[in-house]
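Asks: Take a look at this one; I'll ask things after.
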Amino acid sequence: MKLDLLAIAAHPDDVELTCGGTLLKMAQMGYKVGILDLTEGEMGSRGTVEIRRREAAAAARILGVHWRENLGLPDARLEANEESKLAVARKIRALRPHTIILPYWEGRHPDHYTASILAYEGCFLAGLKRLPIGGEAFRPFKVLYSTVYCAVRPTFVVDISKQFERRRRAILAYGSQFKPPRRDRHSKLHLPLDDLEQEVHLIARYFGQMIGVRYAEPFLVREIMQVEDVVRMPVRSI
């Protein structure tokens with residue numbers, strides 16, 4: 001399968017929380033969209049691997065993605081080692097995505113920023129034609145970084161107002177994480193994910209307001225953006 005857009009993240013539900021609306025929007029526009037989860041989230045405080053597999057499949061159906069797979073790398077012990085980078089490189093050669101979305105390269109959770117480095121270096125290795133890992137050498141054309149969790153100014157944002165409700169459904173497909181049993185909800189142990197769903201909705205509302213729409217998702221690119229038509233650029237300046 002040749003993908004137009006591939007999102008790579010550390011855990012099941014990371015993609016839904018950071019760029020799910022954008023993936024849905026691109027799928028609705030006719031692009032072939034995929035998700036590569038690096039770990040199965042087995043070290044999480046809630047749910048099991050089997051439950052999270054079912055939840056990830058359900059969320060993928062809601063988002064309308066064409067492909068989703070999990071590399072099964074160790075959760076909470078993710079490393080940008082040679083074996084893991086080559087595993088990503090093999091997927092890149094097989095899927096040949098034009099654009100990839102990665103987590104931002106800094107963050108609270110070590111798996112998140114490690115996933116960013118690991119995936120980027122895997123994409124680079126995939127383009128080395130003398131690397132004997134099977135398949136034809138290939139590198140994505142564009143690398144985007146989701147900045148939902150990071151206090152950095154994005155390069156651009158994507159209007160997901162029409163996709164917001166389905167994005168919310170995709171997030172809540174992870175019932176083990178965001179709709180836990182009552183005994184877990186009233187536990188004295190407070191987990192960051194207890195507030196996470198509402199936080200990402202608030203972030204989407206904030207960036208939507210910044211461009212005059214209801215909801216938006218932020219992204220950053222390292223390179224300079226090119227604009228051909230300066231007359232029809234969106235978002236009013238004054």
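Labels used: A, B, ... for chains in the order of the structure tokens, numbers from 1 for residues in each chain, and numbers from 1 for ligands as shown.
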List every residue of stretch 95-178 of chain A that has an atom at most 7 Å from any atom of stretch 17-41 of chain A, and for each one report the closest atom pair and its distance in Å to one decimal, counting only C-alpha atoms, with rows sorted by chain and then by increasing residue number, as CSV.
Replies:
residue,atom,partner,partner_atom,distance
A:Ser146,CA,A:Thr18,CA,6.3
A:Val148,CA,A:Thr18,CA,5.7
A:Val158,CA,A:Thr22,CA,6.7
A:Ile160,CA,A:Gly21,CA,5.5
A:Gln163,CA,A:Gly21,CA,5.5
A:Phe164,CA,A:Gly21,CA,6.2
A:Arg167,CA,A:Gly21,CA,5.3
A:Ile171,CA,A:Leu17,CA,6.5
Asks: Compile a residue-level contact table for stretch 132-237 of chain A against stretch 78-89 of chain A at a cut-off of 10 Å, reporting for every qualifying residue the shortest atom pair and its distance in Å to one decimal, with only C-alpha atoms counted, rows ordered by chain and ascending number, as CSV.
Replies:
residue,atom,partner,partner_atom,distance
A:Ile133,CA,A:Leu86,CA,7.6
A:Gly134,CA,A:Ala89,CA,9.8
A:Gly135,CA,A:Ala89,CA,9.9
A:Ala137,CA,A:Ala89,CA,9.3
A:Phe138,CA,A:Ala89,CA,8.9
A:Arg139,CA,A:Ala89,CA,9.0
Asks: Residues as selected, C-alpha atoms, written as a CSV table (one decimal), in the first residue's frame, can you do that?
Replies:
chain,number,residue,atom,x,y,z
A,133,ILE,CA,16.5,-4.2,4.6
A,134,GLY,CA,14.4,-5.1,1.6
A,135,GLY,CA,12.3,-2.9,-0.6
A,137,ALA,CA,14.9,3.1,-1.0
A,138,PHE,CA,12.4,5.8,-0.1
A,139,ARG,CA,12.0,8.9,2.1
Asks: Looking at only C-alpha atoms, which of A:Leu5, A:Leu172, A:Ala76, A:Ile211 is the one that sits closest to A:Pro140?
Replies: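 For A:Pro140, the nearest of the candidates is A:Leu5.
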Asks: For the strand (DSSP E or B) assignment from backbone DSSP, which residues of stretch 76-234 of chain A qualify? Please present them as a list of chain:residue names.
Replies: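 Result set for stretch 76-234 of chain A (strand (DSSP E or B)): A:Thr99, A:Ile100, A:Ile101, A:Leu102, A:Pro103, A:Lys142, A:Val143, A:Leu144, A:Tyr145, A:Ser146, A:Phe156, A:Val157, A:Val158, A:Asp159, A:Ala216, A:Glu217, A:Pro218, A:Phe219, A:Leu220.
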Asks: For A:Arg90, which of A:Leu128, A:Met233, A:Val65, A:Val152 is the closest residue, counting only C-alpha atoms?
Replies: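 Looking at the shortest contact to A:Arg90, the residue is A:Leu128.
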Asks: Could you check which of A:Val157, A:Ile51, A:Ala170, A:Leu125 is closest to A:Asp14, using only C-alpha atoms?
Replies: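 The answer is A:Ala170, which sits nearest to A:Asp14.
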Asks: Between atom CA of A:Asp194 and atom CA of A:Phe178, what is the distance in Å, rounded to a tenth?
Replies: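 Atom CA of A:Phe178 lies 6.7 Å from atom CA of A:Asp194.
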Asks: Select, from A:Leu118, A:Ile92, A:Leu3, A:Leu220, the residue with the minimum atom-to-atom distance to A:Cys150, counting only C-alpha atoms.
Replies: A:Leu220
Asks: Please provide as a list in words all residues within 10 Å of A:Thr114, with the sequence filter that same-chain residues fewer than 4 positions apart are discarded (counting only C-alpha atoms).
Replies: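 Returned residues: Ala9, Ala10, Arg77, Leu78, Glu79, Ala80, Pro103, Tyr104, Trp105, Glu106, Gly107, His109, Pro110, Leu118, Ala119 and Tyr120 of chain A.
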Asks: Hey, can you spit out that residue selection with C-alpha atoms as a JSON list (two decimals), in the first residue's frame?
Replies:
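Everything below was put into part.json:
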[["chain", "number", "residue", "atom", "x", "y", "z"],
["A", 9, "ALA", "CA", 3.34, 7.89, 17.61],
["A", 10, "ALA", "CA", 4.49, 6.07, 20.73],
["A", 77, "ARG", "CA", 11.41, 1.78, 27.49],
["A", 78, "LEU", "CA", 11.34, 3.06, 23.93],
["A", 79, "GLU", "CA", 14.83, 3.58, 22.53],
["A", 80, "ALA", "CA", 16.13, 5.00, 19.28],
["A", 103, "PRO", "CA", 5.36, 13.93, 17.87],
["A", 104, "TYR", "CA", 7.24, 17.08, 18.77],
["A", 105, "TRP", "CA", 10.86, 16.34, 19.71],
["A", 106, "GLU", "CA", 10.51, 17.59, 23.30],
["A", 107, "GLY", "CA", 7.99, 16.60, 25.97],
["A", 109, "HIS", "CA", 6.91, 11.58, 28.44],
["A", 110, "PRO", "CA", 10.25, 10.07, 27.32],
["A", 118, "LEU", "CA", 13.33, 7.21, 16.35],
["A", 119, "ALA", "CA", 10.80, 7.75, 13.56],
["A", 120, "TYR", "CA", 12.76, 10.58, 11.94]]
Asks: What does the distance between atom CA of A:Leu6 and atom CA of A:Glu50 come to in Å, to one decimal place?
Replies: 23.5 Å
Asks: Apply DSSP to the backbone of this structure and, from stretch 61-232 of chain A, keep only the residues in helix (DSSP H, G or I); write these as a ChimeraX atom specification.
Replies: /A:61-63,82-95,110-126,161-172,175-178,182-185,193-210
Asks: What does the distance from atom CA of A:Leu131 to atom CA of A:His66 come to in Å, to one decimal?
Replies: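 Separation between atom CA of A:Leu131 and atom CA of A:His66: 28.0 Å.
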Asks: Would you list the contacts of A:Gly44 as number ranges by chain, taking every protein, DNA or RNA residue within 12 Å and counting only C-alpha atoms, but skipping same-chain residues closer than 3 positions in sequence?
Replies: A: 11-13, 39-41, 47-49, 51-52, 74-76, 176-177, 191-193
Asks: Filtering to N, CA and C atoms, could you give me those residues as an mmCIF file, in the first residue's frame?
Replies:
data_model
loop_
_atom_site.group_PDB
_atom_site.id
_atom_site.type_symbol
_atom_site.label_atom_id
_atom_site.label_comp_id
_atom_site.auth_asym_id
_atom_site.auth_seq_id
_atom_site.Cartn_x
_atom_site.Cartn_y
_atom_site.Cartn_z
ATOM 1 N N HIS A 11 2.221 5.558 21.485
ATOM 2 C CA HIS A 11 1.206 4.714 22.111
ATOM 3 C C HIS A 11 -0.119 4.752 21.362
ATOM 4 N N PRO A 12 -0.905 3.687 21.461
ATOM 5 C CA PRO A 12 -2.283 3.770 20.982
ATOM 6 C C PRO A 12 -2.986 4.912 21.728
ATOM 7 N N ASP A 13 -3.689 5.722 21.026
ATOM 8 C CA ASP A 13 -4.442 6.922 21.421
ATOM 9 C C ASP A 13 -3.637 8.208 21.280
ATOM 10 N N THR A 39 4.355 1.296 20.264
ATOM 11 C CA THR A 39 4.206 0.369 21.386
ATOM 12 C C THR A 39 2.724 0.078 21.602
ATOM 13 N N GLU A 40 2.440 -0.913 22.414
ATOM 14 C CA GLU A 40 1.057 -1.270 22.709
ATOM 15 C C GLU A 40 0.573 -0.682 24.035
ATOM 16 N N GLY A 41 1.363 0.192 24.627
ATOM 17 C CA GLY A 41 0.944 0.848 25.850
ATOM 18 C C GLY A 41 0.780 -0.089 27.021
ATOM 19 N N GLY A 47 -6.312 -0.513 31.518
ATOM 20 C CA GLY A 47 -6.509 -1.322 30.323
ATOM 21 C C GLY A 47 -5.468 -2.427 30.203
ATOM 22 N N THR A 48 -5.648 -3.256 29.192
ATOM 23 C CA THR A 48 -4.712 -4.331 28.871
ATOM 24 C C THR A 48 -4.325 -4.204 27.407
ATOM 25 N N VAL A 49 -3.317 -4.943 27.001
ATOM 26 C CA VAL A 49 -2.905 -4.923 25.593
ATOM 27 C C VAL A 49 -4.063 -5.327 24.695
ATOM 28 N N ILE A 51 -7.335 -5.161 25.249
ATOM 29 C CA ILE A 51 -8.368 -4.119 25.218
ATOM 30 C C ILE A 51 -7.924 -2.954 24.354
ATOM 31 N N ARG A 52 -6.694 -2.531 24.500
ATOM 32 C CA ARG A 52 -6.213 -1.377 23.749
ATOM 33 C C ARG A 52 -6.083 -1.681 22.254
ATOM 34 N N PRO A 74 8.938 -1.846 23.135
ATOM 35 C CA PRO A 74 8.653 -1.824 24.584
ATOM 36 C C PRO A 74 8.160 -0.467 25.085
ATOM 37 N N ASP A 75 6.976 -0.467 25.670
ATOM 38 C CA ASP A 75 6.382 0.741 26.236
ATOM 39 C C ASP A 75 7.167 1.204 27.466
ATOM 40 N N ALA A 76 7.328 2.509 27.582
ATOM 41 C CA ALA A 76 8.062 3.149 28.685
ATOM 42 C C ALA A 76 9.558 2.842 28.652
ATOM 43 N N SER A 176 -11.034 2.360 28.113
ATOM 44 C CA SER A 176 -10.208 1.952 29.251
ATOM 45 C C SER A 176 -9.388 3.122 29.788
ATOM 46 N N GLN A 177 -9.094 4.102 28.935
ATOM 47 C CA GLN A 177 -8.278 5.239 29.335
ATOM 48 C C GLN A 177 -9.109 6.435 29.787
ATOM 49 N N LEU A 191 -4.391 10.497 37.775
ATOM 50 C CA LEU A 191 -3.544 10.267 36.609
ATOM 51 C C LEU A 191 -3.665 11.439 35.649
ATOM 52 N N PRO A 192 -2.571 11.845 34.987
ATOM 53 C CA PRO A 192 -2.644 12.946 34.024
ATOM 54 C C PRO A 192 -3.683 12.721 32.936
ATOM 55 N N LEU A 193 -3.907 11.461 32.542
ATOM 56 C CA LEU A 193 -4.867 11.209 31.469
ATOM 57 C C LEU A 193 -6.308 11.468 31.900
#
Asks: Can you tell me, as a list in words, what residues are no more than 10 Å from A:Arg205 when counting only C-alpha atoms, ignoring any on the same chain fewer than 5 positions away?
Replies: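 Close residues of A:Arg205: Ile160, Ser161, Phe164, Glu199, Val200, Met210, Val213, Arg214, Tyr215, Ala216 and Glu217 of chain A.
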Asks: Would you put the residues from that selection into a file with N, CA and C atoms, as a compact mmCIF listing (two decimals), in the first residue's frame?
Replies:
# COMPACT_ATOMS: atom_id res chain seq x y z
N ILE A 160 -10.24 21.86 12.01
CA ILE A 160 -10.91 20.56 12.16
C ILE A 160 -12.31 20.72 12.73
N SER A 161 -12.91 21.89 12.53
CA SER A 161 -14.23 22.16 13.09
C SER A 161 -15.25 21.10 12.68
N PHE A 164 -14.44 17.68 14.39
CA PHE A 164 -14.21 17.66 15.84
C PHE A 164 -15.01 16.56 16.54
N GLU A 199 -8.32 18.61 27.99
CA GLU A 199 -7.21 19.50 27.68
C GLU A 199 -6.99 19.61 26.17
N VAL A 200 -7.02 18.49 25.46
CA VAL A 200 -6.78 18.56 24.02
C VAL A 200 -7.95 19.25 23.31
N MET A 210 -7.72 31.27 17.20
CA MET A 210 -6.61 32.06 16.65
C MET A 210 -6.74 32.27 15.14
N VAL A 213 -11.90 30.09 13.49
CA VAL A 213 -12.78 28.93 13.31
C VAL A 213 -13.04 28.33 14.69
N ARG A 214 -13.81 27.25 14.73
CA ARG A 214 -14.17 26.67 16.02
C ARG A 214 -13.04 25.85 16.63
N TYR A 215 -12.45 24.93 15.85
CA TYR A 215 -11.42 24.04 16.37
C TYR A 215 -10.30 23.87 15.34
N ALA A 216 -9.07 23.70 15.83
CA ALA A 216 -7.93 23.50 14.93
C ALA A 216 -6.85 22.71 15.65
N GLU A 217 -6.00 22.04 14.86
CA GLU A 217 -4.86 21.28 15.39
C GLU A 217 -3.56 21.93 14.91
